[in-house]
Every structure is written in C-alpha cells, then in structure tokens.
Amino acid sequence: MTINRRLFLGTTASITAATSFGVHTSMAADAKSTVNFALVGLGSLSTKQLAPALQQTKHAKLVGIVTGTPSKEKVWADKYGIKQENIYNYDNFDKLSENESIDVVYIVLPNGMHKEFTVRGAKAGKHVLCEKPMANTSDECREMIAACKENDRKLAIGYRCQFEPHNQHCIELARSEKFGSLKAIEAGFGFKIGDPNQWRLDGKLAGGGAMMDVGVYALQACRYISGEEPVSISAQETKTDPVKFAEVDESITWTMKMPSGVICYCSTSYAFNGINRYNAYADKGWFGLEPAYSYKGITGKTSKGPIELESIDQFAAEMDAFAKCILEDRDSTVPGEEGLRDMICVEAIYESIRTGRHIELPRA
Ligand code: NAD
C-alpha cells in the first residue's frame with residue numbers, strides 16, 4: 001500500500017485516515033500528538049516569546065512563518081528549521097489553503113489586522129489562534145467567529161493568563177468561596193508607552209489605546225474571577241498628553257457591576273508604570289496577585305498568607321492547550337466568544353466615556 005504524505009499530517013482528518021489504513025501505530029501516534037503552527041507577524045511577541053515557547057511545547061510545533069519583511073525569512077528559517085515551502089507573506093497568505101503541513105495560523109499582527117487575517121486563515125482551512133485584543137470592534141469579532149464556524153475551524157484568543165497557575169488558583173478560590181462570597185474586585189494594568197510613532201498609538205491599527213492593549217487584562221481578570229458578565233459599566237478618561245494620544249486613549253478608570261452585586265473597580269494607563277495587579281475581596285478574607293499579568297514572576301497573596309505555586313511559560317501552555325483542543329476535537333476554553341464578550345465591555349467603556357452615562361448591558 002502506498003501511503004502518501006498527507007496521511008501523516010497532524011490534522012484530525014489525516015489521523016483518522018492514517019489509522020484506518022492501518023499505518024504503523026507509533027507513526028500514527030506521533031502524528032496525533034502534534035499540531036503544526038505558523039506564526040503570522042514576526043514582531044516582538046513572536047520573536048521574544050512565542051517562537052521560544054514553541055521550543056518547549058509538547059503538542060504545538062513551529063513549522064511555518066508569515067512575514068512582510070523578506071530579511072526575516074532566512075533568519076527564521078535558519079534558527080527554527082522552517083522549510084522554504086512553509087514561508088509566506090501577507091499577499092500570498094491565502095495559498096496556505098494548498099499547504100496541508102500547517103494546521104494553525106497564530107495571528108500576531110497589530111489589532112486592526114486581526115479580523116482580516118483570521119477570516120483569511122479560516123477560509124484557507126486553518127484553525128486560528130488570535131492575539132488579544134481579538135479585534136477593533138465587536139462586529140469584527142462576530143465576523144471572525146462566523147468565518148471560523150462556516151469553515152469548520154476552531155478559533156481561540158491568546159488569553160495566556162487563563163493558563164497560568166496563580167490565576168487559575170485565584171479562580172478556584174473564588175469558585176470554592178474559600179474566603180466566603182465575593183464582594184469586590186480591584187484590577188489594574190498599565191505601563192508607560194515609549195516610541196510615539198508605533199502602531200499602538202495609531203487609531204486604525206490599534207483600535208484604542210491602553211484599554212485595548214492592557215486594560216483588557218484587568219477586564220478579563222474581573223470576568224474570570226467573578227465568573228460573571230457585567231450588567232452595568234461606567235468609565236472616565238483622562239489625557240495628560242493629547243498630542244501623543246491624539247488617536248487613542250491614554251488613561252481610563254472604570255467600574256463594572258456584576259449581576260450578583262460584585263463591584264469591580266479598574267484602571268489602565270499608557271502614562272505611567274506600576275499598576276499590574278488584582279485583588280478580590282470576599283466577606284471572610286481576600287486574595288490577589290501582584291504582578292498579575294507579567295510573563296514571569298506572578299506573585300500571589302491571600303489574607304491567610306502567600307500563594308506559592310510554580311512559574312510556567314504561559315505561552316507554551318496556551319499553545320499546547322489549543323493544540324490539544326484540535327487533537328481531541330474540543331472547543332477552546334478561550335474561544336472567539338470570550339474575545340467578543342471582552343470587546344462588548346470595551347465598547348461600553350468607550351460609550352460611557354463618550355456620553356458621560358452609565359451603560360447598561362443585557363444579562364448574558
Ligand atoms: P510588534 O509591533 O512587535 O509586531 C507587529 C508585527 O506586525 C511586526 O512584525 C510588523 O512588521 C507586522 N506588521 C504588519 N503590518 C503592519 C503594519 N501595518 N503596521 C505595523 N506592523 C505591521 O507588536 P507585538 O508586540 O508583537 O504585538 C502583536 C500582537 O500581539 C498585538 O495584537 C498585541 O496586542 C499582541 N500582544 C500580546 C501579548 C500577550 O502577552 N498576549 C504581548 C504583546 C503583544
């Protein structure tokens with residue numbers, strides 16, 4: 001029997017075919033344990049975090065790249081053994097449909113490009129992992145979800161904190177009511193942004209400022225710690241440098257009321273360093289993390305003492321989790337719908353700033 005190359009590729013369909021043709025068990029098992037990733041956009045996150053993390057993953061493998069910078073092709077090919085036929089640019093990206101050795105495209109481009117490349121990736125038959133924030137608007141998120149559904153592809157958002165042990169422990173403390181019933185959450189994330197010419201300060205490419213870039217981590221924390229969706233949001237913005245932040249928000253504070261009555265008070269900023277935390281207050285104690293959202297060094301405390309847990313590579317955990325969803329044909333725990341829910345809140349925050357009113361959201 002001739003077994004062609006397609007039978008050995010890491011997709012569920014090819015595994016089924018390989019197994020039914022009686023392929024040697026260990027080869028089928030190998031194929032089954034790995035999902036092949038292509039990184040789309042080789043900027044800072046891909047270079048410094050994702051590619052190194054893909055050297056540690058058990059189920060996700062770096063096999064392809066998509067870049068608009070030809071000089072990066074050889075550098076990445078040499079460093080990571082990327083084959084020429086797995087190297088693409090933004091123009092020939094759709095040709096990925098003819099390449100069965102790539103299963104997942106990981107979109108690591110400026111926020112304003114997430115929708116286009118997610119939709120094109122799904123149409124090319126690829127599962128999509130897309131960086132946060134999911135897109136510039138909730139309508140774009142809906143389009144991305146629809147495109148992945150129509151093409152029967154999985155979609156997940158790069159919410160690495162949900163795979164991080166300290167954050168997972170805090171979720172467990174909240175769900176188990178170890179400190180009683182939750183009353184309030186305080187969360188904030190910000191940093192002083194440098195280069196005034198970067199895409200993060202461009203309205204079209206970034207979709208917003210600090211709120212979209214790092215405020216979403218505080219928003220996420222409130223949602224995953226409470227396990228609830230806000231029903232009322234109120235926000236205020238300040239700009240101390242209206243020239244630098246002409247197109248995007250600089251500093252925002254906002255409050256969110258959850259259906260149970262839990263109140264969340266949050267902040268984000270591009271104007272100063274130092275805020276990187278959340279604290280959850282319950283009727284018999286409190287718990288929280290500071291730093292909460294960094295790549296390393298997450299530190300936790302409760303009213304009864306420190307939280308002592310191992311530190312992991314969050315990106316490796318996030319990519320392995322998505323790979324396992326594909327191998328086991330399960331939906332991601334951080335699907336497109338999770339990104340959409342954040343974006344609905346972000347839009348309510350911006351609407352509250354624009355109108356000076358509380359924004360009521362329908363109960364989820
Ligand atoms: P970056 O500026 O370092 O890289 C962006 C890449 O996009 C570059 O390779 C650039 O060449 C390419 N690009 C293509 N078209 C472009 C255009 N028109 N303008 C600018 N760049 C263009 O950005 P980054 O920090 O790698 O962020 C990429 C994405 O990853 C963003 O969505 C960001 O929010 C997200 N991110 C997530 C985390 C996390 O912890 N999950 C951390 C950093 C960034």
# chains A, B, ... in the order shown; residues from 1 in each chain; ligands from 1
$ closest_atom_pairs --of "chain A" --to "ligand 1" --cutoff "9 Å" --atoms "only C-alpha atoms and all ligand atoms" --output "tab-separated table"
residue	atom	partner	partner_atom_place_in_ligand_line	distance
A:Val40	CA	ligand 1	7 (O)	8.0
A:Gly41	CA	ligand 1	9 (O)	4.4
A:Leu42	CA	ligand 1	9 (O)	4.0
A:Gly43	CA	ligand 1	4 (O)	3.3
A:Ser44	CA	ligand 1	3 (O)	3.6
A:Leu45	CA	ligand 1	26 (O)	3.8
A:Ser46	CA	ligand 1	26 (O)	5.9
A:Thr47	CA	ligand 1	26 (O)	7.7
A:Lys48	CA	ligand 1	26 (O)	8.7
A:Gln49	CA	ligand 1	42 (C)	8.4
A:Thr67	CA	ligand 1	9 (O)	6.8
A:Gly68	CA	ligand 1	11 (O)	6.3
A:Thr69	CA	ligand 1	11 (O)	6.7
A:Tyr90	CA	ligand 1	14 (C)	8.1
A:Ile107	CA	ligand 1	29 (C)	7.5
A:Val108	CA	ligand 1	29 (C)	4.3
A:Leu109	CA	ligand 1	7 (O)	4.1
A:Pro110	CA	ligand 1	32 (O)	4.6
A:Asn111	CA	ligand 1	32 (O)	4.4
A:Gly112	CA	ligand 1	32 (O)	8.1
A:Met113	CA	ligand 1	15 (N)	7.6
A:His114	CA	ligand 1	32 (O)	7.3
A:Cys130	CA	ligand 1	32 (O)	8.0
A:Glu131	CA	ligand 1	35 (C)	5.1
A:Lys132	CA	ligand 1	34 (O)	5.2
A:Pro133	CA	ligand 1	34 (O)	5.8
A:Met134	CA	ligand 1	32 (O)	7.6
A:Ala135	CA	ligand 1	32 (O)	8.3
A:Ile157	CA	ligand 1	41 (N)	8.9
A:Gly158	CA	ligand 1	41 (N)	5.5
A:Tyr159	CA	ligand 1	41 (N)	6.3
A:Arg160	CA	ligand 1	41 (N)	6.1
A:Cys161	CA	ligand 1	40 (O)	8.4
A:Gln198	CA	ligand 1	2 (O)	7.2
A:Trp199	CA	ligand 1	20 (C)	5.4
A:Arg200	CA	ligand 1	2 (O)	7.8
A:Leu205	CA	ligand 1	19 (N)	6.9
A:Ala206	CA	ligand 1	32 (O)	7.9
A:Met212	CA	ligand 1	34 (O)	7.8
A:Asp213	CA	ligand 1	34 (O)	5.4
A:Val214	CA	ligand 1	34 (O)	8.0
A:Tyr293	CA	ligand 1	40 (O)	8.0
A:Ser294	CA	ligand 1	40 (O)	7.8
A:Tyr295	CA	ligand 1	40 (O)	6.9
A:Gln314	CA	ligand 1	40 (O)	8.9
A:Phe315	CA	ligand 1	41 (N)	7.8
$ select_by_dssp --residues "stretch 75-246 of chain A" --states "strand (DSSP E)" --output "number ranges by chain"
A: 87-88, 104-107, 127-130, 155-157, 182-190, 232-238
$ write_last_selection --atoms "N, CA, C and O atoms" --output "mmCIF file, in the first residue's frame"
data_model
loop_
_atom_site.group_PDB
_atom_site.id
_atom_site.type_symbol
_atom_site.label_atom_id
_atom_site.label_comp_id
_atom_site.auth_asym_id
_atom_site.auth_seq_id
_atom_site.Cartn_x
_atom_site.Cartn_y
_atom_site.Cartn_z
ATOM 1 N N ILE A 87 7.021 29.181 4.143
ATOM 2 C CA ILE A 87 7.244 30.612 4.377
ATOM 3 C C ILE A 87 6.331 31.415 3.456
ATOM 4 O O ILE A 87 6.343 31.224 2.238
ATOM 5 N N TYR A 88 5.534 32.300 4.058
ATOM 6 C CA TYR A 88 4.547 33.087 3.304
ATOM 7 C C TYR A 88 4.699 34.554 3.632
ATOM 8 O O TYR A 88 5.332 34.923 4.630
ATOM 9 N N VAL A 104 -2.450 25.372 12.032
ATOM 10 C CA VAL A 104 -2.906 26.547 12.796
ATOM 11 C C VAL A 104 -2.156 27.779 12.324
ATOM 12 O O VAL A 104 -0.929 27.732 12.142
ATOM 13 N N VAL A 105 -2.872 28.878 12.137
ATOM 14 C CA VAL A 105 -2.184 30.167 11.984
ATOM 15 C C VAL A 105 -2.395 30.949 13.280
ATOM 16 O O VAL A 105 -3.509 31.023 13.792
ATOM 17 N N TYR A 106 -1.296 31.469 13.820
ATOM 18 C CA TYR A 106 -1.354 32.248 15.062
ATOM 19 C C TYR A 106 -1.158 33.709 14.661
ATOM 20 O O TYR A 106 -0.069 34.105 14.236
ATOM 21 N N ILE A 107 -2.227 34.503 14.782
ATOM 22 C CA ILE A 107 -2.216 35.888 14.299
ATOM 23 C C ILE A 107 -1.595 36.796 15.358
ATOM 24 O O ILE A 107 -2.178 37.016 16.422
ATOM 25 N N HIS A 127 -7.065 26.353 11.428
ATOM 26 C CA HIS A 127 -7.534 26.764 12.753
ATOM 27 C C HIS A 127 -6.803 28.062 13.092
ATOM 28 O O HIS A 127 -5.672 28.278 12.634
ATOM 29 N N VAL A 128 -7.448 28.893 13.926
ATOM 30 C CA VAL A 128 -6.856 30.212 14.194
ATOM 31 C C VAL A 128 -6.717 30.453 15.695
ATOM 32 O O VAL A 128 -7.681 30.339 16.455
ATOM 33 N N LEU A 129 -5.496 30.805 16.090
ATOM 34 C CA LEU A 129 -5.243 31.346 17.422
ATOM 35 C C LEU A 129 -4.933 32.813 17.156
ATOM 36 O O LEU A 129 -4.065 33.122 16.337
ATOM 37 N N CYS A 130 -5.671 33.714 17.804
ATOM 38 C CA CYS A 130 -5.519 35.143 17.516
ATOM 39 C C CYS A 130 -5.152 35.889 18.792
ATOM 40 O O CYS A 130 -5.763 35.664 19.834
ATOM 41 N N LEU A 155 -11.369 28.482 16.762
ATOM 42 C CA LEU A 155 -10.838 29.828 16.987
ATOM 43 C C LEU A 155 -10.606 30.019 18.478
ATOM 44 O O LEU A 155 -11.488 29.723 19.293
ATOM 45 N N ALA A 156 -9.409 30.458 18.835
ATOM 46 C CA ALA A 156 -9.105 30.768 20.245
ATOM 47 C C ALA A 156 -8.373 32.105 20.305
ATOM 48 O O ALA A 156 -7.742 32.528 19.344
ATOM 49 N N ILE A 157 -8.485 32.763 21.456
ATOM 50 C CA ILE A 157 -7.834 34.065 21.655
ATOM 51 C C ILE A 157 -6.660 33.873 22.631
ATOM 52 O O ILE A 157 -6.744 33.052 23.550
ATOM 53 N N LEU A 182 -17.857 36.556 47.255
ATOM 54 C CA LEU A 182 -17.106 37.670 46.675
ATOM 55 C C LEU A 182 -17.930 38.948 46.733
ATOM 56 O O LEU A 182 -19.146 38.925 46.468
ATOM 57 N N LYS A 183 -17.262 40.048 47.080
ATOM 58 C CA LYS A 183 -17.962 41.338 47.171
ATOM 59 C C LYS A 183 -17.419 42.359 46.169
ATOM 60 O O LYS A 183 -18.173 43.142 45.618
ATOM 61 N N ALA A 184 -16.088 42.340 45.993
ATOM 62 C CA ALA A 184 -15.485 43.377 45.140
ATOM 63 C C ALA A 184 -14.184 42.875 44.520
ATOM 64 O O ALA A 184 -13.506 42.011 45.090
ATOM 65 N N ILE A 185 -13.867 43.427 43.351
ATOM 66 C CA ILE A 185 -12.573 43.130 42.708
ATOM 67 C C ILE A 185 -11.959 44.458 42.280
ATOM 68 O O ILE A 185 -12.656 45.300 41.688
ATOM 69 N N GLU A 186 -10.682 44.616 42.595
ATOM 70 C CA GLU A 186 -9.953 45.792 42.143
ATOM 71 C C GLU A 186 -8.888 45.283 41.178
ATOM 72 O O GLU A 186 -8.155 44.348 41.512
ATOM 73 N N ALA A 187 -8.835 45.843 39.970
ATOM 74 C CA ALA A 187 -7.879 45.337 38.973
ATOM 75 C C ALA A 187 -7.320 46.480 38.140
ATOM 76 O O ALA A 187 -8.061 47.401 37.764
ATOM 77 N N GLY A 188 -6.037 46.414 37.859
ATOM 78 C CA GLY A 188 -5.444 47.447 37.013
ATOM 79 C C GLY A 188 -4.197 46.959 36.310
ATOM 80 O O GLY A 188 -3.464 46.109 36.827
ATOM 81 N N PHE A 189 -3.990 47.474 35.092
ATOM 82 C CA PHE A 189 -2.777 47.149 34.352
ATOM 83 C C PHE A 189 -2.453 48.330 33.443
ATOM 84 O O PHE A 189 -3.326 48.815 32.711
ATOM 85 N N GLY A 190 -1.210 48.786 33.539
ATOM 86 C CA GLY A 190 -0.788 49.891 32.692
ATOM 87 C C GLY A 190 0.719 49.923 32.587
ATOM 88 O O GLY A 190 1.418 49.223 33.323
ATOM 89 N N SER A 232 -23.642 46.516 34.223
ATOM 90 C CA SER A 232 -23.610 47.977 34.194
ATOM 91 C C SER A 232 -22.152 48.437 34.217
ATOM 92 O O SER A 232 -21.334 47.889 34.970
ATOM 93 N N ILE A 233 -21.835 49.409 33.363
ATOM 94 C CA ILE A 233 -20.440 49.887 33.248
ATOM 95 C C ILE A 233 -20.432 51.415 33.241
ATOM 96 O O ILE A 233 -21.265 52.043 32.594
ATOM 97 N N SER A 234 -19.456 51.963 33.951
ATOM 98 C CA SER A 234 -19.291 53.414 33.964
ATOM 99 C C SER A 234 -17.798 53.725 33.876
ATOM 100 O O SER A 234 -16.989 53.080 34.549
ATOM 101 N N ALA A 235 -17.415 54.693 33.024
ATOM 102 C CA ALA A 235 -15.980 54.932 32.806
ATOM 103 C C ALA A 235 -15.654 56.404 32.656
ATOM 104 O O ALA A 235 -16.510 57.220 32.304
ATOM 105 N N GLN A 236 -14.397 56.701 32.941
ATOM 106 C CA GLN A 236 -13.889 58.065 32.811
ATOM 107 C C GLN A 236 -12.494 58.002 32.202
ATOM 108 O O GLN A 236 -11.723 57.096 32.513
ATOM 109 N N GLU A 237 -12.177 58.996 31.348
ATOM 110 C CA GLU A 237 -10.851 59.000 30.707
ATOM 111 C C GLU A 237 -10.137 60.304 31.000
ATOM 112 O O GLU A 237 -10.788 61.346 31.141
ATOM 113 N N THR A 238 -8.815 60.236 31.084
ATOM 114 C CA THR A 238 -8.045 61.485 31.147
ATOM 115 C C THR A 238 -6.862 61.394 30.200
ATOM 116 O O THR A 238 -6.316 60.305 29.988
#
$ residues_around --residues "stretch 137-140 of chain A" --least-positions-apart "5" --cutoff "8 Å" --atoms "only C-alpha atoms" --output "PyMOL selection string"
chain A and resi 115+207+340+343-344+347
$ write_last_selection --atoms "all heavy atoms" --output "short mmCIF file (atom, residue, chain, number, x, y, z; two decimals), in the first residue's frame"
data_model
loop_
_atom_site.label_atom_id
_atom_site.label_comp_id
_atom_site.auth_asym_id
_atom_site.auth_seq_id
_atom_site.Cartn_x
_atom_site.Cartn_y
_atom_site.Cartn_z
N LYS A 115 -8.82 40.81 12.33
CA LYS A 115 -10.02 40.29 11.66
C LYS A 115 -9.67 39.78 10.26
O LYS A 115 -10.00 38.65 9.90
CB LYS A 115 -11.10 41.37 11.55
CG LYS A 115 -12.39 40.81 11.01
CD LYS A 115 -13.22 41.77 10.22
CE LYS A 115 -12.65 42.07 8.87
NZ LYS A 115 -13.49 42.93 8.03
N GLY A 207 -7.03 50.24 17.32
CA GLY A 207 -8.45 50.17 17.72
C GLY A 207 -8.74 50.93 19.00
O GLY A 207 -9.89 51.15 19.36
N LEU A 340 -15.12 38.22 22.13
CA LEU A 340 -16.28 39.06 21.83
C LEU A 340 -16.85 39.67 23.11
O LEU A 340 -17.18 40.86 23.15
CB LEU A 340 -17.34 38.22 21.10
CG LEU A 340 -18.72 38.86 20.93
CD1 LEU A 340 -18.64 40.15 20.09
CD2 LEU A 340 -19.71 37.88 20.27
N MET A 343 -14.86 42.51 24.16
CA MET A 343 -14.99 43.66 23.27
C MET A 343 -16.32 44.38 23.50
O MET A 343 -16.38 45.62 23.40
CB MET A 343 -14.87 43.19 21.81
CG MET A 343 -14.47 44.29 20.84
SD MET A 343 -13.07 45.28 21.41
CE MET A 343 -11.85 43.98 21.64
N ILE A 344 -17.37 43.64 23.85
CA ILE A 344 -18.65 44.29 24.17
C ILE A 344 -18.47 45.20 25.39
O ILE A 344 -18.97 46.33 25.43
CB ILE A 344 -19.75 43.21 24.41
CG1 ILE A 344 -20.11 42.56 23.06
CG2 ILE A 344 -20.98 43.80 25.09
CD1 ILE A 344 -20.98 41.32 23.17
N GLU A 347 -16.42 48.29 24.39
CA GLU A 347 -17.26 49.27 23.68
C GLU A 347 -18.16 50.03 24.65
O GLU A 347 -18.41 51.23 24.49
CB GLU A 347 -18.09 48.56 22.60
CG GLU A 347 -17.22 48.17 21.42
CD GLU A 347 -17.95 47.42 20.31
OE1 GLU A 347 -19.07 46.90 20.55
OE2 GLU A 347 -17.40 47.34 19.20
#
$ closest_residue --among "A:Val334, A:Gly274, A:Ser181, A:Asn279" --to "A:Val262" --atoms "only C-alpha atoms"
A:Ser181
$ select_by_dssp --residues "stretch 17-147 of chain A" --states "alpha helix (DSSP H)" --output "PyMOL selection string"
chain A and resi 17-20+25-32+44+51-53+70-80+114-123+138-147
$ write_last_selection --atoms "C-alpha atoms" --output "compact mmCIF listing (two decimals), in the first residue's frame"
# COMPACT_ATOMS: atom_id res chain seq x y z
CA ALA A 17 -7.37 8.29 7.51
CA ALA A 18 -3.93 7.09 8.57
CA THR A 19 -5.35 4.87 11.28
CA SER A 20 -8.00 3.35 9.07
CA THR A 25 0.84 2.61 15.37
CA SER A 26 3.82 4.65 16.53
CA MET A 27 3.74 6.83 13.41
CA ALA A 28 0.02 7.42 13.81
CA ALA A 29 0.60 8.25 17.48
CA ASP A 30 3.36 10.71 16.57
CA ALA A 31 1.15 12.42 14.05
CA LYS A 32 -1.63 12.53 16.61
CA SER A 44 8.32 41.43 19.33
CA ALA A 51 8.97 31.12 18.98
CA PRO A 52 10.99 30.28 22.13
CA ALA A 53 7.83 28.92 23.78
CA PRO A 70 11.89 39.33 3.44
CA SER A 71 15.09 39.69 5.51
CA LYS A 72 13.43 37.81 8.38
CA GLU A 73 12.78 34.73 6.22
CA LYS A 74 16.33 33.35 6.22
CA VAL A 75 16.97 34.31 9.84
CA TRP A 76 13.89 32.38 10.99
CA ALA A 77 14.44 29.51 8.55
CA ASP A 78 18.00 29.03 9.85
CA LYS A 79 17.10 29.44 13.52
CA TYR A 80 13.99 27.25 13.59
CA HIS A 114 -6.64 40.52 13.36
CA LYS A 115 -10.02 40.29 11.66
CA GLU A 116 -8.66 40.21 8.11
CA PHE A 117 -6.09 37.51 8.81
CA THR A 118 -8.40 35.40 10.97
CA VAL A 119 -11.04 35.37 8.23
CA ARG A 120 -8.48 34.66 5.51
CA GLY A 121 -6.88 31.95 7.68
CA ALA A 122 -10.21 30.21 8.28
CA LYS A 123 -11.06 30.40 4.57
CA SER A 138 -17.43 43.59 18.44
CA ASP A 139 -18.74 43.42 14.86
CA GLU A 140 -15.29 42.34 13.70
CA CYS A 141 -15.27 39.68 16.44
CA ARG A 142 -18.63 38.38 15.21
CA GLU A 143 -17.29 38.21 11.64
CA MET A 144 -14.26 36.23 12.82
CA ILE A 145 -16.41 33.77 14.79
CA ALA A 146 -18.74 33.32 11.80
CA ALA A 147 -15.85 32.73 9.37
$ closest_residue --among "A:Asp195, A:Asp329, A:Glu150, A:Glu98" --to "A:Glu85" --atoms "only C-alpha atoms"
A:Glu98
$ closest_residue --among "A:Gln84, A:Ser260, A:Thr255, A:Ser303" --to "A:Glu228" --atoms "only C-alpha atoms"
A:Ser260
$ atom_distance --atom1 "atom CA of A:Phe287" --atom2 "atom CA of A:Leu309"
14.2 Å
$ closest_residue --among "A:Ile307, A:Ile353, A:Val248, A:Leu39" --to "A:Asn167" --atoms "only C-alpha atoms"
A:Ile307
$ residues_around --residues "A:Ala38" --least-positions-apart "3" --cutoff "8 Å" --atoms "only C-alpha atoms" --output "list in words"
Leu62, Val63, Gly64, Ile65, Val66, Ile102, Asp103, Val104, Val105 and Tyr106 of chain A
$ write_last_selection --atoms "N, CA and C atoms" --output "PDB file, in the first residue's frame"
ATOM      1  N   LEU A  62       6.375  24.649  15.781  1.00  0.00           N
ATOM      2  CA  LEU A  62       6.566  25.759  14.844  1.00  0.00           C
ATOM      3  C   LEU A  62       7.082  25.203  13.522  1.00  0.00           C
ATOM      4  N   VAL A  63       6.251  25.292  12.455  1.00  0.00           N
ATOM      5  CA  VAL A  63       6.721  24.803  11.148  1.00  0.00           C
ATOM      6  C   VAL A  63       6.652  25.880  10.074  1.00  0.00           C
ATOM      7  N   GLY A  64       5.903  26.990  10.343  1.00  0.00           N
ATOM      8  CA  GLY A  64       5.735  27.978   9.280  1.00  0.00           C
ATOM      9  C   GLY A  64       5.779  29.402   9.796  1.00  0.00           C
ATOM     10  N   ILE A  65       6.028  30.344   8.872  1.00  0.00           N
ATOM     11  CA  ILE A  65       6.013  31.769   9.219  1.00  0.00           C
ATOM     12  C   ILE A  65       5.321  32.559   8.100  1.00  0.00           C
ATOM     13  N   VAL A  66       4.719  33.672   8.500  1.00  0.00           N
ATOM     14  CA  VAL A  66       4.152  34.625   7.538  1.00  0.00           C
ATOM     15  C   VAL A  66       4.731  35.975   7.907  1.00  0.00           C
ATOM     16  N   ILE A 102       0.512  22.753   7.476  1.00  0.00           N
ATOM     17  CA  ILE A 102       0.262  23.776   8.506  1.00  0.00           C
ATOM     18  C   ILE A 102      -1.198  23.648   8.951  1.00  0.00           C
ATOM     19  N   ASP A 103      -1.399  23.469  10.268  1.00  0.00           N
ATOM     20  CA  ASP A 103      -2.747  23.282  10.812  1.00  0.00           C
ATOM     21  C   ASP A 103      -3.328  24.567  11.395  1.00  0.00           C
ATOM     22  N   VAL A 104      -2.450  25.372  12.032  1.00  0.00           N
ATOM     23  CA  VAL A 104      -2.906  26.547  12.796  1.00  0.00           C
ATOM     24  C   VAL A 104      -2.156  27.779  12.324  1.00  0.00           C
ATOM     25  N   VAL A 105      -2.872  28.878  12.137  1.00  0.00           N
ATOM     26  CA  VAL A 105      -2.184  30.167  11.984  1.00  0.00           C
ATOM     27  C   VAL A 105      -2.395  30.949  13.280  1.00  0.00           C
ATOM     28  N   TYR A 106      -1.296  31.469  13.820  1.00  0.00           N
ATOM     29  CA  TYR A 106      -1.354  32.248  15.062  1.00  0.00           C
ATOM     30  C   TYR A 106      -1.158  33.709  14.661  1.00  0.00           C
TER      31      TYR A 106
END
$ residues_around --residues "A:Ser311" --least-positions-apart "4" --cutoff "9 Å" --atoms "only C-alpha atoms" --output "PyMOL selection string"
chain A and resi 164-166+296-298
$ write_last_selection --atoms "C-alpha atoms" --output "tab-separated table (two decimals), in the first residue's frame"
chain	number	residue	atom	x	y	z
A	164	GLU	CA	-1.25	30.47	34.39
A	165	PRO	CA	-1.29	28.57	37.73
A	166	HIS	CA	-1.62	31.59	40.10
A	296	LYS	CA	7.09	35.77	34.64
A	297	GLY	CA	7.18	36.31	38.39
A	298	ILE	CA	3.45	36.25	39.13
$ closest_residue --among "A:Gly194, A:Gly81, A:Gly180, A:Gly125" --to "A:Ala280" --atoms "only C-alpha atoms"
A:Gly180
$ closest_residue --among "A:Asp241, A:Glu177, A:Glu310, A:Glu351" --to "A:Trp254" --atoms "only C-alpha atoms"
A:Glu351
$ decode --residues "stretch 342-355 of chain A" --atoms "N, CA, C and O atoms" --output "short mmCIF file (atom, residue, chain, number, x, y, z; two decimals), in the first residue's frame"
data_model
loop_
_atom_site.label_atom_id
_atom_site.label_comp_id
_atom_site.auth_asym_id
_atom_site.auth_seq_id
_atom_site.Cartn_x
_atom_site.Cartn_y
_atom_site.Cartn_z
N ASP A 342 -15.34 40.39 25.88
CA ASP A 342 -14.46 41.49 26.31
C ASP A 342 -14.72 42.73 25.46
O ASP A 342 -14.77 43.85 25.96
N MET A 343 -14.86 42.51 24.16
CA MET A 343 -14.99 43.66 23.27
C MET A 343 -16.32 44.38 23.50
O MET A 343 -16.38 45.62 23.40
N ILE A 344 -17.37 43.64 23.85
CA ILE A 344 -18.65 44.29 24.17
C ILE A 344 -18.47 45.20 25.39
O ILE A 344 -18.97 46.33 25.43
N CYS A 345 -17.71 44.72 26.38
CA CYS A 345 -17.43 45.55 27.57
C CYS A 345 -16.58 46.77 27.21
O CYS A 345 -16.84 47.88 27.68
N VAL A 346 -15.56 46.56 26.38
CA VAL A 346 -14.69 47.67 25.98
C VAL A 346 -15.52 48.73 25.25
O VAL A 346 -15.38 49.94 25.51
N GLU A 347 -16.42 48.29 24.39
CA GLU A 347 -17.26 49.27 23.68
C GLU A 347 -18.16 50.03 24.65
O GLU A 347 -18.41 51.23 24.49
N ALA A 348 -18.65 49.33 25.68
CA ALA A 348 -19.48 50.01 26.69
C ALA A 348 -18.64 51.03 27.47
O ALA A 348 -19.12 52.12 27.81
N ILE A 349 -17.39 50.68 27.74
CA ILE A 349 -16.48 51.62 28.44
C ILE A 349 -16.29 52.88 27.59
O ILE A 349 -16.43 54.01 28.07
N TYR A 350 -16.00 52.68 26.30
CA TYR A 350 -15.83 53.84 25.42
C TYR A 350 -17.13 54.64 25.29
O TYR A 350 -17.11 55.86 25.23
N GLU A 351 -18.26 53.95 25.25
CA GLU A 351 -19.55 54.64 25.12
C GLU A 351 -19.83 55.47 26.37
O GLU A 351 -20.31 56.61 26.30
N SER A 352 -19.49 54.91 27.54
CA SER A 352 -19.69 55.63 28.79
C SER A 352 -18.83 56.90 28.82
O SER A 352 -19.28 57.97 29.25
N ILE A 353 -17.58 56.79 28.32
CA ILE A 353 -16.69 57.96 28.28
C ILE A 353 -17.27 59.02 27.34
O ILE A 353 -17.32 60.20 27.67
N ARG A 354 -17.76 58.55 26.18
CA ARG A 354 -18.30 59.47 25.17
C ARG A 354 -19.55 60.19 25.67
O ARG A 354 -19.72 61.38 25.47
N THR A 355 -20.42 59.46 26.35
CA THR A 355 -21.74 60.02 26.69
C THR A 355 -21.81 60.54 28.12
O THR A 355 -22.75 61.23 28.48
#
